[in-house]
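Novice: Structure provided below as structure tokens; questions to follow.
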Number of protein chains: 2
Amino acid sequence: MTQFSEVVMALDLGPLDSHVGYLLRRAQLAVFADILPSLAEHDVSPADYAVLTVIDRNPGAGQSQVAETLGIQKTNFVPLIRRMEARGLVLRAPSPTDRRSVALSLTAAGEALLARLHAAAQAHIDRVRDHLGADRYDALLEPLQRLASVSRPS
Amino acid sequence: MTQFSEVVMALDLGPLDSHVGYLLRRAQLAVFADILPSLAEHDVSPADYAVLTVIDRNPGAGQSQVAETLGIQKTNFVPLIRRMEARGLVLRAPSPTDRRSVALSLTAAGEALLARLHAAAQAHIDRVRDHLGADRYDALLEPLQRLASVSRPS
DNA sequence: TATTGTTATACTCTATAACTATA
DNA sequence: TATAGTTATAGAGTATAACAATA
């Protein structure tokens, strides 16, 4: 093996190779790249999947509540949720207690799709865990939860 | 403390609260939000900072080599590097060995700015480490490096 | 006055196709 | 034929301003 083989020499990342922000970004892209095709089969984005999951767990919650929980601005949430309604996955009903608010819930079709998405997500998580090894995977989750729970500016 | 105080009840995330992809995304956004203002003071984006760092560590490297190292498409790299050249931070010289290639290096101004950026980055990393605690921070880096080093499709 | 949902709009990031000049 | 750099362009994702209806 010569010093400069046909294999392209990777450049030196310098301090980036232990920069938590850089590593988080690259890791997020790699992990998303793994689950993206499974979701795309159902014409669903990661944001869509998260929204369906939260509505399922919190039926009757309002749009802005769901949006804020996921860090999505209410203004950007409108086309997303309207598309899901148009697809027959989500029901948008007037709130009985607040006439400004729209209560969200999943339709039967939405529940059925979500079940399939959860299965795909679990298979994806298993791949990530296998790739990392159980010990490294387990060590990862707690610090990530701590960072992820940092409240963003409202 | 009543069950439903004025504090808005956070909705249930369901399986998302331990979904590695969701946590990576939220964690990345939180960490970026911390360093963003420091970089913005110098009119520098996270991508700019990464590019300057890699050029500094690999003077003479070509555009596409630097771009690929950072997961940036060469086509999107053009306006980024041209802006840095226009700001007098980066030198784009014809490669002596390959007339197709542009050899990148930092100017004195680029080196000076990068030193200030590295200082800001270190302060940021210290904040993240303090927030997490040294043990959780240390546990985080190795699995992240493993995930971040997954080669993306060329 | 504040909040829910809405429209319109702009800006950044990222992706694709096609080209040139070199190798 | 393949690669380095380029242009043009299109699509996401995200951001701000302003508004109507309701609290």
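Chain labels run A, B, ... following the order of the structure tokens; each chain numbers its residues from 1, and ligands are numbered from 1 in the order shown.
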With only C-alpha atoms (C1' of nucleotides) as the counted atoms, please give the residues lying no more than 12 Å from DA8 (chain C), apart from itself and same-chain residues fewer than 5 positions off, as a PyMOL selection string.

Specialist: (chain A and resi 75) or (chain D and resi 16-19)

Novice: For chain B against chain D, with a cut-off of 10 Å and counting only C-alpha atoms (C1' of nucleotides), what is the closest atom pair and its distance in Å to one decimal for every residue that makes the cut, ordered by chain and number, as a tab-separated table?

Specialist:
residue	atom	partner	partner_atom	distance
B:Gly62	CA	D:DA4	C1'	8.4
B:Gln63	CA	D:DA4	C1'	8.1
B:Ser64	CA	D:DA4	C1'	7.0
B:Gln65	CA	D:DA4	C1'	9.7
B:Lys74	CA	D:DG5	C1'	8.0
B:Thr75	CA	D:DT6	C1'	7.6
B:Val78	CA	D:DT6	C1'	7.8
B:Asp98	CA	D:DA4	C1'	9.1
B:Arg99	CA	D:DA4	C1'	8.9
B:Arg100	CA	D:DA4	C1'	5.2
B:Ser101	CA	D:DA4	C1'	5.4
B:Val102	CA	D:DA4	C1'	8.0

Novice: Please extract the residues of chain B with a backbone DSSP assignment of strand (DSSP E) and present them as a ChimeraX atom specification.

Specialist: /B:90-94,102-106

Novice: Within 8 Å of chain B, which residues of chain A show up when using only C-alpha atoms, listed as an mmCIF file with C-alpha atoms, in the first residue's frame?

Specialist:
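Contents of the output file selection.cif:
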data_model
loop_
_atom_site.group_PDB
_atom_site.id
_atom_site.type_symbol
_atom_site.label_atom_id
_atom_site.label_comp_id
_atom_site.auth_asym_id
_atom_site.auth_seq_id
_atom_site.Cartn_x
_atom_site.Cartn_y
_atom_site.Cartn_z
ATOM 1 C CA ALA A 10 -9.630 12.257 3.125
ATOM 2 C CA LEU A 11 -8.726 15.752 4.226
ATOM 3 C CA ASP A 12 -7.914 16.617 7.807
ATOM 4 C CA LEU A 13 -10.951 17.922 9.700
ATOM 5 C CA GLY A 14 -8.855 19.510 12.408
ATOM 6 C CA PRO A 15 -10.890 20.457 15.501
ATOM 7 C CA LEU A 16 -14.108 19.612 13.648
ATOM 8 C CA ASP A 17 -13.516 15.908 14.281
ATOM 9 C CA SER A 18 -14.482 16.453 17.904
ATOM 10 C CA HIS A 19 -16.788 19.439 17.501
ATOM 11 C CA VAL A 20 -20.134 18.465 18.998
ATOM 12 C CA GLY A 21 -22.164 20.682 16.662
ATOM 13 C CA LEU A 23 -20.767 15.818 14.662
ATOM 14 C CA LEU A 24 -24.441 16.260 15.531
ATOM 15 C CA ARG A 25 -25.149 17.644 12.068
ATOM 16 C CA ARG A 26 -23.302 14.911 10.196
ATOM 17 C CA ALA A 27 -24.779 12.205 12.436
ATOM 18 C CA GLN A 28 -28.283 13.584 11.941
ATOM 19 C CA ALA A 30 -26.554 10.001 8.188
ATOM 20 C CA VAL A 31 -29.400 8.761 10.389
ATOM 21 C CA PHE A 32 -32.056 10.613 8.391
ATOM 22 C CA ALA A 50 -43.527 13.297 13.932
ATOM 23 C CA THR A 53 -47.176 10.510 16.155
ATOM 24 C CA VAL A 54 -47.952 13.510 18.352
ATOM 25 C CA ARG A 57 -50.753 10.495 21.393
ATOM 26 C CA ASN A 58 -52.703 13.721 21.986
ATOM 27 C CA GLN A 65 -49.953 23.158 20.353
ATOM 28 C CA VAL A 66 -48.818 20.302 18.125
ATOM 29 C CA THR A 69 -44.294 20.774 20.614
ATOM 30 C CA ILE A 125 -33.700 2.208 14.894
ATOM 31 C CA LEU A 132 -23.287 1.501 16.753
ATOM 32 C CA ARG A 136 -22.686 3.018 22.293
ATOM 33 C CA TYR A 137 -26.346 3.378 21.309
ATOM 34 C CA ALA A 139 -24.786 5.839 25.884
ATOM 35 C CA LEU A 140 -26.018 8.166 23.148
ATOM 36 C CA LEU A 141 -29.691 8.573 24.047
ATOM 37 C CA GLU A 142 -29.465 10.227 27.456
ATOM 38 C CA PRO A 143 -27.169 13.123 26.482
ATOM 39 C CA LEU A 144 -29.197 13.626 23.313
ATOM 40 C CA GLN A 145 -32.413 13.884 25.311
ATOM 41 C CA ARG A 146 -30.773 16.444 27.550
ATOM 42 C CA LEU A 147 -29.702 18.566 24.584
ATOM 43 C CA ALA A 148 -32.974 18.096 22.710
ATOM 44 C CA SER A 149 -35.016 19.309 25.677
ATOM 45 C CA VAL A 150 -33.339 22.716 25.694
ATOM 46 C CA SER A 151 -36.235 25.073 25.178
ATOM 47 C CA ARG A 152 -35.963 27.147 22.076
#

Novice: Mind listing as an MDAnalysis selection string which residues of chain C are within 12 Å of chain B, counting only C-alpha atoms (C1' of nucleotides)?

Specialist: chainID C and resid 12:17 20:23

Novice: DSSP on the backbone: which residues in region 56-148 of chain B end up as helix (DSSP H, G or I)? Give the answer as a ChimeraX atom specification.

Specialist: /B:56-57,63-69,74-86,108-132,134-148

Novice: Would you compute the distance between CA of Arg83 (chain A) and CA of Ala40 (chain A)? Give it in Å to one decimal.

Specialist: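 Taking CA of Arg83 (chain A) as the start and CA of Ala40 (chain A) as the end point, the length is 15.2 Å.
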
Novice: What is the CA of Pro96 (chain B)-C1' of DC19 (chain C) distance in Å, reported with one decimal?

Specialist: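 If I compute the distance from CA of Pro96 (chain B) to C1' of DC19 (chain C), I get 24.3 Å.
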